[in-house]
Amino acid sequence: ICGAGRISLLYEAYNEFVDSNGQLPEKEEFLYQMPIGDIEDDRGKEEDPERLLEEIQELNKERRQIVDSIVKSSLFFARITMNEDRINVIHSADTPFFRNLKSGSFREFLGHMESAKVHPDDLPKVRRLMDYGAVSDSLYATGGNFEFEIRLRNGSEWNWVRLKFALAEEKGGIPQVVIVSISDIDANKKQEQQIKEALELAQKNADRANQAKSEFLSNMSHDIRTPMNVTIGMTQVAKRNLQNPDKVADCLDKIEQASTHLLDLVNEVLDMSKI
């Protein structure tokens, strides 16, 4: 970090003396543009080794703090040396499952995970890592890091965790060192499951409501048509029997009954809409 920072600083200070091809200009032009006075003022000055050491130590301290915070936020943190098939455990949560995950062969480590408490549906994800080149292929396919989620047994329950693999060092295009971490995502997964179940229940309730609405409209259309047909039919009969007062009176009675029934249906529909 220190070296990279100094390179960046020097470039920003002297980039005006470099042409578009990255070459220094002719000597006269270069000397003309150089801040000679500043250089002469700085002659004889030597950088204080103690101060430089303090800066390096401070940088290392900051880096350690960052790494420690990342490590401690995980259930498990380890370094895998691919060409040696070795995993070195850096941090492990104080639980029976992770306490038994020790440094050693990476394949044996995966075998212990597989035989320990991995959910049967998630076993193929773990077993695939045992295939030759599987980790390297996944790293190349995802740009240097990949992850997947599995369930681990915790007593009588299954807890969700996320395994993350990140490329830390490569040589000749071949991964040499990979960092693996395991983080707890059980609370988030259970919350997602609760939200999913709530949405599914809401969808079922909406479907039932739509079905009830369709059945109601179907029945209501039949109930409305019946008094309407009676009203229309009796009106036509009355028109054809205007000279028969008794017939007309009978038709009017039936029209009144049908209209009253239709009004009751409309009032019921309006009452239901209020609910």
# chains A, B, ... in the order shown; residues from 1 in each chain; ligands from 1

call {"tool": "residues_around", "arguments": {"residues": "Val135 of chain A", "least_positions_apart": "5", "cutoff": "12 Å", "atoms": "only C-alpha atoms", "output": "PyMOL selection string"}}
result
chain A and resi 80-83+85+106-107+125-130+140-142+144-147+164-167+174-180

call {"tool": "atom_distance", "arguments": {"atom1": "atom CA of Ala78 of chain A", "atom2": "atom CA of Phe148 of chain A"}}
result
16.3 Å

call {"tool": "atom_distance", "arguments": {"atom1": "atom CA of Asp122 of chain A", "atom2": "atom CA of Ala93 of chain A"}}
result
21.3 Å

call {"tool": "closest_residue", "arguments": {"among": "A:Ala134, A:Leu110, A:Leu75, A:Val237", "to": "Val161 of chain A", "atoms": "only C-alpha atoms"}}
result
A:Leu75

call {"tool": "select_by_dssp", "arguments": {"residues": "segment 53-264 of chain A", "states": "alpha helix (DSSP H)", "output": "PyMOL selection string"}}
result
chain A and resi 53-72+96-99+106-116+123-128+134-141+186-240+245-264

call {"tool": "select_by_dssp", "arguments": {"residues": "segment 157-246 of chain A", "states": "strand (DSSP E)", "output": "JSON, numbers by chain"}}
result
{"A": [157, 158, 159, 160, 161, 162, 163, 164, 165, 166, 167, 168, 169, 170, 171, 174, 175, 176, 177, 178, 179, 180, 181, 182, 183, 184]}

call {"tool": "write_last_selection", "arguments": {"atoms": "N, CA and C atoms", "output": "PDB file, in the first residue's frame"}}
result
ATOM      1  N   GLU A 157     -32.678 -27.954  14.537  1.00  0.00           N
ATOM      2  CA  GLU A 157     -33.025 -26.998  13.483  1.00  0.00           C
ATOM      3  C   GLU A 157     -31.945 -26.973  12.411  1.00  0.00           C
ATOM      4  N   TRP A 158     -32.330 -26.357  11.283  1.00  0.00           N
ATOM      5  CA  TRP A 158     -31.379 -26.118  10.185  1.00  0.00           C
ATOM      6  C   TRP A 158     -31.160 -24.620  10.080  1.00  0.00           C
ATOM      7  N   ASN A 159     -29.897 -24.221  10.151  1.00  0.00           N
ATOM      8  CA  ASN A 159     -29.545 -22.800  10.051  1.00  0.00           C
ATOM      9  C   ASN A 159     -28.876 -22.518   8.711  1.00  0.00           C
ATOM     10  N   TRP A 160     -29.265 -21.417   8.088  1.00  0.00           N
ATOM     11  CA  TRP A 160     -28.709 -21.015   6.796  1.00  0.00           C
ATOM     12  C   TRP A 160     -27.378 -20.289   7.005  1.00  0.00           C
ATOM     13  N   VAL A 161     -26.380 -20.649   6.190  1.00  0.00           N
ATOM     14  CA  VAL A 161     -25.091 -19.949   6.172  1.00  0.00           C
ATOM     15  C   VAL A 161     -24.696 -19.697   4.721  1.00  0.00           C
ATOM     16  N   ARG A 162     -23.799 -18.723   4.539  1.00  0.00           N
ATOM     17  CA  ARG A 162     -23.304 -18.407   3.194  1.00  0.00           C
ATOM     18  C   ARG A 162     -21.794 -18.633   3.147  1.00  0.00           C
ATOM     19  N   LEU A 163     -21.344 -19.456   2.205  1.00  0.00           N
ATOM     20  CA  LEU A 163     -19.916 -19.691   1.985  1.00  0.00           C
ATOM     21  C   LEU A 163     -19.440 -18.776   0.869  1.00  0.00           C
ATOM     22  N   LYS A 164     -18.354 -18.034   1.130  1.00  0.00           N
ATOM     23  CA  LYS A 164     -17.786 -17.116   0.136  1.00  0.00           C
ATOM     24  C   LYS A 164     -16.340 -17.495  -0.126  1.00  0.00           C
ATOM     25  N   PHE A 165     -16.000 -17.583  -1.397  1.00  0.00           N
ATOM     26  CA  PHE A 165     -14.634 -17.884  -1.813  1.00  0.00           C
ATOM     27  C   PHE A 165     -14.118 -16.695  -2.612  1.00  0.00           C
ATOM     28  N   ALA A 166     -12.934 -16.197  -2.230  1.00  0.00           N
ATOM     29  CA  ALA A 166     -12.347 -15.031  -2.901  1.00  0.00           C
ATOM     30  C   ALA A 166     -10.894 -15.318  -3.241  1.00  0.00           C
ATOM     31  N   LEU A 167     -10.537 -15.032  -4.484  1.00  0.00           N
ATOM     32  CA  LEU A 167      -9.154 -15.237  -4.936  1.00  0.00           C
ATOM     33  C   LEU A 167      -8.242 -14.200  -4.295  1.00  0.00           C
ATOM     34  N   ALA A 168      -7.187 -14.679  -3.604  1.00  0.00           N
ATOM     35  CA  ALA A 168      -6.240 -13.775  -2.943  1.00  0.00           C
ATOM     36  C   ALA A 168      -4.905 -13.709  -3.664  1.00  0.00           C
ATOM     37  N   GLU A 169      -4.528 -14.793  -4.353  1.00  0.00           N
ATOM     38  CA  GLU A 169      -3.228 -14.811  -5.029  1.00  0.00           C
ATOM     39  C   GLU A 169      -3.282 -15.811  -6.175  1.00  0.00           C
ATOM     40  N   GLU A 170      -2.691 -15.449  -7.291  1.00  0.00           N
ATOM     41  CA  GLU A 170      -2.617 -16.360  -8.431  1.00  0.00           C
ATOM     42  C   GLU A 170      -1.229 -16.272  -9.057  1.00  0.00           C
ATOM     43  N   LYS A 171      -0.875 -17.297  -9.793  1.00  0.00           N
ATOM     44  CA  LYS A 171       0.428 -17.348 -10.442  1.00  0.00           C
ATOM     45  C   LYS A 171       0.264 -18.013 -11.802  1.00  0.00           C
ATOM     46  N   ILE A 174      -3.174 -19.272 -12.518  1.00  0.00           N
ATOM     47  CA  ILE A 174      -3.665 -20.392 -11.717  1.00  0.00           C
ATOM     48  C   ILE A 174      -3.830 -19.920 -10.277  1.00  0.00           C
ATOM     49  N   PRO A 175      -5.005 -20.103  -9.676  1.00  0.00           N
ATOM     50  CA  PRO A 175      -5.204 -19.685  -8.283  1.00  0.00           C
ATOM     51  C   PRO A 175      -4.243 -20.400  -7.342  1.00  0.00           C
ATOM     52  N   GLN A 176      -3.592 -19.623  -6.480  1.00  0.00           N
ATOM     53  CA  GLN A 176      -2.666 -20.183  -5.500  1.00  0.00           C
ATOM     54  C   GLN A 176      -3.248 -20.110  -4.087  1.00  0.00           C
ATOM     55  N   VAL A 177      -3.831 -18.964  -3.752  1.00  0.00           N
ATOM     56  CA  VAL A 177      -4.374 -18.767  -2.414  1.00  0.00           C
ATOM     57  C   VAL A 177      -5.808 -18.265  -2.537  1.00  0.00           C
ATOM     58  N   VAL A 178      -6.695 -18.890  -1.791  1.00  0.00           N
ATOM     59  CA  VAL A 178      -8.110 -18.516  -1.792  1.00  0.00           C
ATOM     60  C   VAL A 178      -8.554 -18.329  -0.344  1.00  0.00           C
ATOM     61  N   ILE A 179      -9.332 -17.278  -0.115  1.00  0.00           N
ATOM     62  CA  ILE A 179      -9.888 -17.014   1.210  1.00  0.00           C
ATOM     63  C   ILE A 179     -11.342 -17.485   1.225  1.00  0.00           C
ATOM     64  N   VAL A 180     -11.706 -18.249   2.255  1.00  0.00           N
ATOM     65  CA  VAL A 180     -13.077 -18.730   2.390  1.00  0.00           C
ATOM     66  C   VAL A 180     -13.640 -18.230   3.717  1.00  0.00           C
ATOM     67  N   SER A 181     -14.867 -17.773   3.681  1.00  0.00           N
ATOM     68  CA  SER A 181     -15.540 -17.322   4.897  1.00  0.00           C
ATOM     69  C   SER A 181     -16.944 -17.906   4.932  1.00  0.00           C
ATOM     70  N   ILE A 182     -17.439 -18.105   6.145  1.00  0.00           N
ATOM     71  CA  ILE A 182     -18.805 -18.606   6.350  1.00  0.00           C
ATOM     72  C   ILE A 182     -19.514 -17.611   7.259  1.00  0.00           C
ATOM     73  N   SER A 183     -20.619 -17.064   6.787  1.00  0.00           N
ATOM     74  CA  SER A 183     -21.364 -16.066   7.555  1.00  0.00           C
ATOM     75  C   SER A 183     -22.781 -16.551   7.823  1.00  0.00           C
ATOM     76  N   ASP A 184     -23.333 -16.067   8.906  1.00  0.00           N
ATOM     77  CA  ASP A 184     -24.679 -16.460   9.343  1.00  0.00           C
ATOM     78  C   ASP A 184     -25.723 -15.615   8.624  1.00  0.00           C
TER      79      ASP A 184
END

call {"tool": "atom_distance", "arguments": {"atom1": "atom CA of Gln257 of chain A", "atom2": "atom CA of His222 of chain A"}}
result
17.0 Å

call {"tool": "residues_around", "arguments": {"residues": "Ile232 of chain A", "least_positions_apart": "2", "cutoff": "12 Å", "atoms": "only C-alpha atoms", "output": "VMD selection string"}}
result
chain A and resid 225 to 230 234 to 239 251 to 252 254 to 256 258 to 259

call {"tool": "closest_residue", "arguments": {"among": "A:Asp137, A:Asp250, A:Asp94, A:Glu50", "to": "Phe76 of chain A", "atoms": "only C-alpha atoms"}}
result
A:Asp94

call {"tool": "closest_residue", "arguments": {"among": "A:Gly173, A:Gly104, A:Gly155, A:Gly233", "to": "Leu139 of chain A", "atoms": "only C-alpha atoms"}}
result
A:Gly173
